Amino acid sequence: MKEEFFLEDLIPCLMHTHLKLDLNFLSKLLKDASNSDTPWKNKAFCKMLNCPINPIKKSSLTVYGWFKGYRTLPFIKLVKIISLSSYSWADIESNLVSIKSGINHGEIKPSFPIKVDSKLGSICGHIMGDGSIDKKFHAVFFSNSDKDLIKEFYDYMENLFGVKGRIWLQDKPDYDHTKWLKRIFKMEEIIDGNNIGLFYPKICSDIIYSLIGKFAEGFNKLITPEMKKANNEFKKGFIRAFFDDEGSVDVNSQMLRFHQDRKDILEDIREMLLEFKIESNPVRTYFKNGKNRYYFNITSLKNYSKFRNIISCTSPKKNSRLFILIKNTKNSKRYKNFNDF
């Protein structure tokens with residue numbers, strides 16, 4: 001799997017989108033592609049772009065709107081314009097102002113190249129855990145009551161897509177129904193113990209899908225072939241975020257536990273952990289609230305230490321419990337000669 005993606009790599013998933021380009025650059029691009037100082041009057045050029053000519057103005061109002069910045073440029077038109085010009089997709093990246101799914105949809109400004117790294121892995125792990133991608137509208141959503149996890153997701157999404165998520169404050173966590181209270185506009189307004197919901201526009205999910213496959217759509221979640229082939233940094237970020245959302249550290253019972261409603265997801269995560277030589281127990285099941293639930297445990301000091309040193313946790317509470325678990329286990333007679341990794 002590729003480790004970084006450029007704008008040109010995303011052409012198939014962006015064909016329905018609109019762009020804003022630096023206006024000075026866009027005027028040069030249109031002049032170059034049309035070989036004319038007034039591209040909106042070049043009938044042959046406008047015809048190739050399937051832009052109608054106004055019979056009174058004897059020009060294309062659409063192309064004129066692009067040239068003057070009145071209209072956003074459909075990506076499908078940009079593909080044709082680039083093919084007619086001497087400019088490259090790298091030039092487009094350098095002069096990109098924003099991309100949005102449609103004329104009235106949320107704007108983003110991705111940072112190219114987009115790297116398949118621990119940050120992208122973390123975003124995907126949180127979506128797989130306490131997040132979702134809406135099945136109908138494909139909006140990206142993440143909800144949690146842990147400020148550190150909310151901040152991690154918020155910062156990584158802003159770093160990748162150049163967009164600040166819409167922040168909504170929820171009531172105290174309630175697994176049957178959690179009431180929305182109000183929208184807030186600063187991370188500093190987050191109230192301890194309350195759930196926070198972060199929302200992002202559809203264009204974000206379009207790009208994420210193009211990078212690592214359609215791994216989350218409504219209640220349907222899976223680890224895709226692309227994710228399995230991704231590099232170790234992506235997998236570390238993915239496992240860490242998923243564990244922060246769906247895992248637990250039990251000091252008294254001496255174990256780490258991953259739990260999920262999908263057995264296949266847990267089996268795939270066990271395989272990922274084995275790539276780091278972290279062994280886990282088989283996936284087991286129990287029945288709760290009318291459905292099967294699944295979990296697997298990680299036991300033994302060797303595996304705790306590998307997990308802490310290779311994967312770790314973003315949640316300070318989980319990190320603290322993991323430290324105590326390792327310390328207590330080390331102090332037992334069984335492991336008195338154990339050397340940490």
# chains A, B, ... in the order shown; residues from 1 in each chain; ligands from 1
$ closest_atom_pairs --of "range 90-129 of chain A" --to "range 247-257 of chain A" --cutoff "12 Å" --atoms "only C-alpha atoms" --output "Markdown table"
| residue | atom | partner | partner_atom | distance |
| --- | --- | --- | --- | --- |
| A:Gly125 | CA | A:Gly247 | CA | 11.8 |
| A:His126 | CA | A:Gly247 | CA | 11.8 |
| A:Gly129 | CA | A:Gly247 | CA | 9.4 |
$ write_last_selection --atoms "C-alpha atoms" --output "mmCIF file, in the first residue's frame"
data_model
loop_
_atom_site.group_PDB
_atom_site.id
_atom_site.type_symbol
_atom_site.label_atom_id
_atom_site.label_comp_id
_atom_site.auth_asym_id
_atom_site.auth_seq_id
_atom_site.Cartn_x
_atom_site.Cartn_y
_atom_site.Cartn_z
ATOM 1 C CA GLY A 125 -9.182 3.758 15.110
ATOM 2 C CA HIS A 126 -11.395 6.334 16.816
ATOM 3 C CA GLY A 129 -14.322 2.687 18.181
#
$ select_by_dssp --residues "range 153-339 of chain A" --states "strand (DSSP E)" --output "VMD selection string"
chain A and resid 166 to 170 180 to 184 196 to 200 216 to 217 220 to 221 247 to 250 255 to 260 284 to 288 291 to 298
$ write_last_selection --atoms "N, CA and C atoms" --output "compact mmCIF listing (two decimals), in the first residue's frame"
# COMPACT_ATOMS: atom_id res chain seq x y z
N ARG A 166 -17.04 20.72 14.07
CA ARG A 166 -18.13 21.33 14.83
C ARG A 166 -18.24 20.59 16.16
N ILE A 167 -18.20 21.33 17.26
CA ILE A 167 -18.16 20.73 18.60
C ILE A 167 -19.53 20.87 19.25
N TRP A 168 -20.10 19.73 19.65
CA TRP A 168 -21.39 19.76 20.34
C TRP A 168 -21.24 19.13 21.71
N LEU A 169 -21.80 19.80 22.69
CA LEU A 169 -21.77 19.32 24.07
C LEU A 169 -22.98 18.43 24.32
N GLN A 170 -22.71 17.27 24.90
CA GLN A 170 -23.78 16.35 25.27
C GLN A 170 -23.91 16.29 26.79
N TRP A 180 -28.35 16.08 23.52
CA TRP A 180 -27.50 17.17 23.07
C TRP A 180 -27.89 18.45 23.81
N LEU A 181 -26.88 19.17 24.30
CA LEU A 181 -27.14 20.39 25.05
C LEU A 181 -26.99 21.64 24.20
N LYS A 182 -25.80 21.83 23.61
CA LYS A 182 -25.57 23.03 22.81
C LYS A 182 -24.28 22.86 22.00
N ARG A 183 -24.13 23.71 21.01
CA ARG A 183 -22.88 23.76 20.27
C ARG A 183 -21.92 24.69 21.00
N ILE A 184 -20.64 24.29 21.06
CA ILE A 184 -19.62 25.15 21.63
C ILE A 184 -18.55 25.40 20.57
N ILE A 196 -18.68 14.76 24.39
CA ILE A 196 -18.49 15.75 23.34
C ILE A 196 -18.64 15.04 22.00
N GLY A 197 -19.38 15.65 21.09
CA GLY A 197 -19.51 15.12 19.74
C GLY A 197 -18.81 16.04 18.75
N LEU A 198 -17.97 15.46 17.89
CA LEU A 198 -17.29 16.21 16.84
C LEU A 198 -17.85 15.79 15.49
N PHE A 199 -18.17 16.77 14.64
CA PHE A 199 -18.77 16.51 13.33
C PHE A 199 -17.91 17.11 12.22
N TYR A 200 -17.78 16.38 11.10
CA TYR A 200 -16.98 16.82 9.97
C TYR A 200 -17.72 16.55 8.66
N ALA A 216 -16.06 1.96 7.56
CA ALA A 216 -17.13 2.28 8.50
C ALA A 216 -18.23 3.02 7.77
N GLU A 217 -19.42 2.43 7.78
CA GLU A 217 -20.58 3.07 7.16
C GLU A 217 -21.80 2.71 7.98
N ASN A 220 -22.12 -0.70 9.98
CA ASN A 220 -21.24 -1.66 9.31
C ASN A 220 -19.79 -1.21 9.40
N LYS A 221 -18.98 -1.95 10.14
CA LYS A 221 -17.57 -1.63 10.30
C LYS A 221 -16.74 -2.88 10.06
N GLY A 247 -11.13 -0.39 24.88
CA GLY A 247 -10.33 -1.27 25.71
C GLY A 247 -10.38 -0.91 27.18
N SER A 248 -9.80 -1.76 28.01
CA SER A 248 -9.75 -1.50 29.45
C SER A 248 -8.51 -2.14 30.04
N VAL A 249 -8.03 -1.56 31.12
CA VAL A 249 -6.90 -2.09 31.87
C VAL A 249 -7.40 -2.48 33.24
N ASP A 250 -7.35 -3.77 33.55
CA ASP A 250 -7.83 -4.27 34.84
C ASP A 250 -6.63 -4.65 35.68
N MET A 255 -4.96 -7.88 33.47
CA MET A 255 -5.18 -8.11 32.04
C MET A 255 -5.54 -6.81 31.34
N LEU A 256 -5.27 -6.79 30.02
CA LEU A 256 -5.79 -5.77 29.13
C LEU A 256 -6.91 -6.42 28.35
N ARG A 257 -7.99 -5.69 28.11
CA ARG A 257 -9.12 -6.28 27.39
C ARG A 257 -9.56 -5.37 26.25
N PHE A 258 -9.74 -5.97 25.08
CA PHE A 258 -10.39 -5.32 23.93
C PHE A 258 -11.80 -5.89 23.84
N HIS A 259 -12.80 -5.04 23.66
CA HIS A 259 -14.16 -5.56 23.48
C HIS A 259 -14.86 -4.83 22.35
N GLN A 260 -15.77 -5.56 21.67
CA GLN A 260 -16.43 -5.02 20.48
C GLN A 260 -17.62 -5.90 20.15
N ARG A 284 -13.48 -14.38 22.89
CA ARG A 284 -14.56 -15.08 23.58
C ARG A 284 -15.83 -14.25 23.50
N THR A 285 -16.94 -14.88 23.86
CA THR A 285 -18.23 -14.21 23.72
C THR A 285 -19.04 -14.30 25.00
N TYR A 286 -19.95 -13.36 25.17
CA TYR A 286 -20.92 -13.40 26.25
C TYR A 286 -22.20 -12.75 25.74
N PHE A 287 -23.30 -12.99 26.41
CA PHE A 287 -24.60 -12.50 25.97
C PHE A 287 -25.04 -11.38 26.90
N LYS A 288 -25.37 -10.20 26.31
CA LYS A 288 -25.78 -9.05 27.12
C LYS A 288 -26.77 -8.21 26.34
N LYS A 291 -27.96 -9.54 22.86
CA LYS A 291 -27.06 -9.76 21.73
C LYS A 291 -25.72 -10.31 22.21
N ASN A 292 -25.00 -10.93 21.28
CA ASN A 292 -23.67 -11.44 21.58
C ASN A 292 -22.66 -10.30 21.61
N ARG A 293 -21.81 -10.30 22.61
CA ARG A 293 -20.69 -9.36 22.71
C ARG A 293 -19.40 -10.17 22.68
N TYR A 294 -18.33 -9.52 22.23
CA TYR A 294 -17.07 -10.23 22.07
C TYR A 294 -15.93 -9.48 22.75
N TYR A 295 -14.90 -10.23 23.16
CA TYR A 295 -13.74 -9.62 23.78
C TYR A 295 -12.54 -10.57 23.67
N PHE A 296 -11.36 -10.03 23.83
CA PHE A 296 -10.18 -10.85 24.05
C PHE A 296 -9.27 -10.15 25.04
N ASN A 297 -8.47 -10.93 25.74
CA ASN A 297 -7.58 -10.40 26.77
C ASN A 297 -6.12 -10.52 26.36
N ILE A 298 -5.32 -9.61 26.88
CA ILE A 298 -3.87 -9.71 26.79
C ILE A 298 -3.36 -9.94 28.21
$ residues_around --residues "Thr62 in chain A" --least-positions-apart "3" --cutoff "7 Å" --atoms "only C-alpha atoms" --output "PyMOL selection string"
chain A and resi 51+65-66
$ write_last_selection --atoms "N, CA and C atoms" --output "PDB file, in the first residue's frame"
ATOM      1  N   CYS A  51     -19.430  24.019 -21.399  1.00  0.00           N
ATOM      2  CA  CYS A  51     -19.971  25.229 -20.766  1.00  0.00           C
ATOM      3  C   CYS A  51     -20.724  26.035 -21.819  1.00  0.00           C
ATOM      4  N   GLY A  65     -17.326  33.333 -14.519  1.00  0.00           N
ATOM      5  CA  GLY A  65     -17.501  33.255 -13.071  1.00  0.00           C
ATOM      6  C   GLY A  65     -16.300  32.612 -12.389  1.00  0.00           C
ATOM      7  N   TRP A  66     -15.733  31.552 -13.027  1.00  0.00           N
ATOM      8  CA  TRP A  66     -14.516  30.940 -12.479  1.00  0.00           C
ATOM      9  C   TRP A  66     -13.373  31.961 -12.489  1.00  0.00           C
TER      10      TRP A  66
END
$ residues_around --residues "Lys236 in chain A" --least-positions-apart "3" --cutoff "9 Å" --atoms "only C-alpha atoms" --output "number ranges by chain"
A: 117-118, 121-122, 231-233, 239-241, 272-273, 310-312
$ write_last_selection --atoms "C-alpha atoms" --output "mmCIF file, in the first residue's frame"
data_model
loop_
_atom_site.group_PDB
_atom_site.id
_atom_site.type_symbol
_atom_site.label_atom_id
_atom_site.label_comp_id
_atom_site.auth_asym_id
_atom_site.auth_seq_id
_atom_site.Cartn_x
_atom_site.Cartn_y
_atom_site.Cartn_z
ATOM 1 C CA ASP A 117 0.916 7.325 9.379
ATOM 2 C CA SER A 118 -0.008 7.003 13.050
ATOM 3 C CA GLY A 121 -4.362 5.393 11.945
ATOM 4 C CA SER A 122 -5.583 7.150 15.080
ATOM 5 C CA ASN A 231 2.555 0.309 7.431
ATOM 6 C CA ASN A 232 3.287 -0.292 11.112
ATOM 7 C CA GLU A 233 2.934 3.381 12.078
ATOM 8 C CA ILE A 239 -4.703 -0.008 17.682
ATOM 9 C CA ARG A 240 -3.934 2.713 20.246
ATOM 10 C CA ALA A 241 -7.034 4.753 19.374
ATOM 11 C CA MET A 272 -2.233 -6.823 13.913
ATOM 12 C CA LEU A 273 -0.932 -7.226 17.460
ATOM 13 C CA ILE A 310 5.026 -0.151 21.152
ATOM 14 C CA ILE A 311 1.347 0.866 21.257
ATOM 15 C CA SER A 312 0.713 2.798 24.511
#
$ closest_residue --among "A:Val116, A:Cys124, A:Leu222, A:Cys313" --to "Lys2 in chain A" --atoms "only C-alpha atoms"
A:Val116
$ residues_around --residues "Asn303 in chain A" --least-positions-apart "4" --cutoff "7 Å" --atoms "only C-alpha atoms" --output "number ranges by chain"
A: 278-279, 298-299, 307
$ residues_around --residues "Ile76 in chain A" --least-positions-apart "3" --cutoff "10 Å" --atoms "only C-alpha atoms" --output "compact mmCIF listing (two decimals) with C-alpha atoms, in the first residue's frame"
# COMPACT_ATOMS: atom_id res chain seq x y z
CA ILE A 11 -9.03 12.19 -8.62
CA PRO A 12 -11.54 9.29 -8.62
CA LEU A 14 -13.08 14.02 -5.92
CA MET A 15 -14.84 14.15 -9.28
CA HIS A 16 -18.06 15.41 -7.69
CA THR A 17 -16.36 18.13 -5.62
CA HIS A 18 -15.75 21.85 -6.12
CA LEU A 49 -15.62 22.07 -21.13
CA LEU A 73 -14.55 25.27 -10.01
CA VAL A 79 -9.36 17.57 -14.83
CA LYS A 80 -10.11 18.63 -18.40
CA ILE A 81 -8.50 22.07 -17.95
$ residues_around --residues "Phe137 in chain A" --least-positions-apart "5" --cutoff "12 Å" --atoms "only C-alpha atoms" --output "PDB file with N, CA and C atoms, in the first residue's frame"
ATOM      1  N   SER A 101     -17.591  19.341  -0.963  1.00  0.00           N
ATOM      2  CA  SER A 101     -18.365  18.319  -1.668  1.00  0.00           C
ATOM      3  C   SER A 101     -19.314  18.907  -2.696  1.00  0.00           C
ATOM      4  N   HIS A 105     -21.489  23.060   0.615  1.00  0.00           N
ATOM      5  CA  HIS A 105     -21.026  22.129   1.634  1.00  0.00           C
ATOM      6  C   HIS A 105     -19.749  22.626   2.295  1.00  0.00           C
ATOM      7  N   SER A 132     -18.129   7.200  14.007  1.00  0.00           N
ATOM      8  CA  SER A 132     -18.932   6.609  12.928  1.00  0.00           C
ATOM      9  C   SER A 132     -18.811   7.476  11.682  1.00  0.00           C
ATOM     10  N   PHE A 199     -18.166  16.772  14.636  1.00  0.00           N
ATOM     11  CA  PHE A 199     -18.769  16.505  13.334  1.00  0.00           C
ATOM     12  C   PHE A 199     -17.907  17.114  12.221  1.00  0.00           C
ATOM     13  N   TYR A 200     -17.783  16.376  11.103  1.00  0.00           N
ATOM     14  CA  TYR A 200     -16.975  16.820   9.968  1.00  0.00           C
ATOM     15  C   TYR A 200     -17.724  16.546   8.661  1.00  0.00           C
ATOM     16  N   PRO A 201     -17.468  17.354   7.613  1.00  0.00           N
ATOM     17  CA  PRO A 201     -18.232  17.223   6.360  1.00  0.00           C
ATOM     18  C   PRO A 201     -17.906  15.954   5.582  1.00  0.00           C
ATOM     19  N   LYS A 202     -18.799  15.630   4.680  1.00  0.00           N
ATOM     20  CA  LYS A 202     -18.723  14.415   3.860  1.00  0.00           C
ATOM     21  C   LYS A 202     -17.406  14.273   3.112  1.00  0.00           C
ATOM     22  N   ILE A 203     -16.832  15.370   2.642  1.00  0.00           N
ATOM     23  CA  ILE A 203     -15.612  15.301   1.859  1.00  0.00           C
ATOM     24  C   ILE A 203     -14.492  14.598   2.627  1.00  0.00           C
ATOM     25  N   CYS A 204     -14.517  14.703   3.964  1.00  0.00           N
ATOM     26  CA  CYS A 204     -13.500  14.028   4.782  1.00  0.00           C
ATOM     27  C   CYS A 204     -13.618  12.511   4.648  1.00  0.00           C
ATOM     28  N   SER A 205     -14.834  11.999   4.726  1.00  0.00           N
ATOM     29  CA  SER A 205     -15.010  10.547   4.600  1.00  0.00           C
ATOM     30  C   SER A 205     -14.694  10.078   3.189  1.00  0.00           C
ATOM     31  N   ASP A 206     -15.007  10.898   2.177  1.00  0.00           N
ATOM     32  CA  ASP A 206     -14.673  10.530   0.796  1.00  0.00           C
ATOM     33  C   ASP A 206     -13.169  10.294   0.654  1.00  0.00           C
ATOM     34  N   GLU A 217     -19.417   2.434   7.781  1.00  0.00           N
ATOM     35  CA  GLU A 217     -20.580   3.072   7.156  1.00  0.00           C
ATOM     36  C   GLU A 217     -21.799   2.712   7.982  1.00  0.00           C
ATOM     37  N   GLY A 218     -22.275   3.676   8.762  1.00  0.00           N
ATOM     38  CA  GLY A 218     -23.353   3.369   9.684  1.00  0.00           C
ATOM     39  C   GLY A 218     -22.879   2.362  10.723  1.00  0.00           C
TER      40      GLY A 218
END
$ select_by_dssp --residues "range 96-228 of chain A" --states "helix (DSSP H, G or I)" --output "short mmCIF file (atom, residue, chain, number, x, y, z; two decimals) with C-alpha atoms, in the first residue's frame"
data_model
loop_
_atom_site.label_atom_id
_atom_site.label_comp_id
_atom_site.auth_asym_id
_atom_site.auth_seq_id
_atom_site.Cartn_x
_atom_site.Cartn_y
_atom_site.Cartn_z
CA SER A 118 -0.01 7.00 13.05
CA LYS A 119 -2.21 10.13 12.89
CA LEU A 120 -4.35 8.72 10.10
CA GLY A 121 -4.36 5.39 11.95
CA SER A 122 -5.58 7.15 15.08
CA ILE A 123 -8.41 8.87 13.18
CA CYS A 124 -9.53 5.53 11.75
CA GLY A 125 -9.18 3.76 15.11
CA HIS A 126 -11.39 6.33 16.82
CA ILE A 127 -13.99 6.13 14.04
CA MET A 128 -13.93 2.33 14.41
CA LYS A 147 -10.89 15.42 26.83
CA ASP A 148 -7.56 13.99 25.74
CA LEU A 149 -9.17 11.67 23.18
CA ILE A 150 -11.43 14.45 21.89
CA LYS A 151 -8.44 16.77 21.53
CA GLU A 152 -6.42 14.07 19.77
CA PHE A 153 -9.14 13.48 17.18
CA TYR A 154 -9.80 17.21 16.78
CA ASP A 155 -6.11 18.05 16.27
CA TYR A 156 -5.40 15.18 13.88
CA MET A 157 -8.42 15.97 11.72
CA GLU A 158 -7.41 19.64 11.57
CA ASN A 159 -3.84 18.65 10.70
CA LEU A 160 -4.99 16.33 7.91
CA PHE A 161 -7.95 18.24 6.45
CA MET A 187 -12.07 23.20 23.30
CA GLU A 188 -11.74 25.20 26.54
CA GLU A 189 -15.54 25.19 26.87
CA LYS A 202 -18.72 14.41 3.86
CA ILE A 203 -15.61 15.30 1.86
CA CYS A 204 -13.50 14.03 4.78
CA SER A 205 -15.01 10.55 4.60
CA ASP A 206 -14.67 10.53 0.80
CA ILE A 207 -10.93 11.07 1.11
CA ILE A 208 -10.49 8.63 4.01
CA TYR A 209 -12.35 5.94 2.05
CA SER A 210 -10.10 6.51 -0.96
CA LEU A 211 -7.02 6.01 1.23
CA ILE A 212 -7.92 2.94 3.27
CA PRO A 225 -7.57 -5.10 3.06
CA GLU A 226 -5.95 -1.67 2.67
CA MET A 227 -5.71 -1.30 6.45
CA LYS A 228 -4.18 -4.77 6.77
#
$ closest_residue --among "A:Pro316, A:Ala90, A:Phe323, A:Ser332" --to "Pro113 in chain A" --atoms "only C-alpha atoms"
A:Ala90
$ closest_residue --among "A:Ala230, A:Asp37, A:Pro74, A:Gly162" --to "Gly106 in chain A" --atoms "only C-alpha atoms"
A:Gly162
$ closest_residue --among "A:Lys47, A:Lys135, A:Arg262, A:Lys28" --to "Ile223 in chain A" --atoms "only C-alpha atoms"
A:Arg262
$ atom_distance --atom1 "CA of Phe219 in chain A" --atom2 "CA of Val163 in chain A"
25.2 Å
$ atom_distance --atom1 "CA of Glu93 in chain A" --atom2 "CA of Asp22 in chain A"
10.4 Å
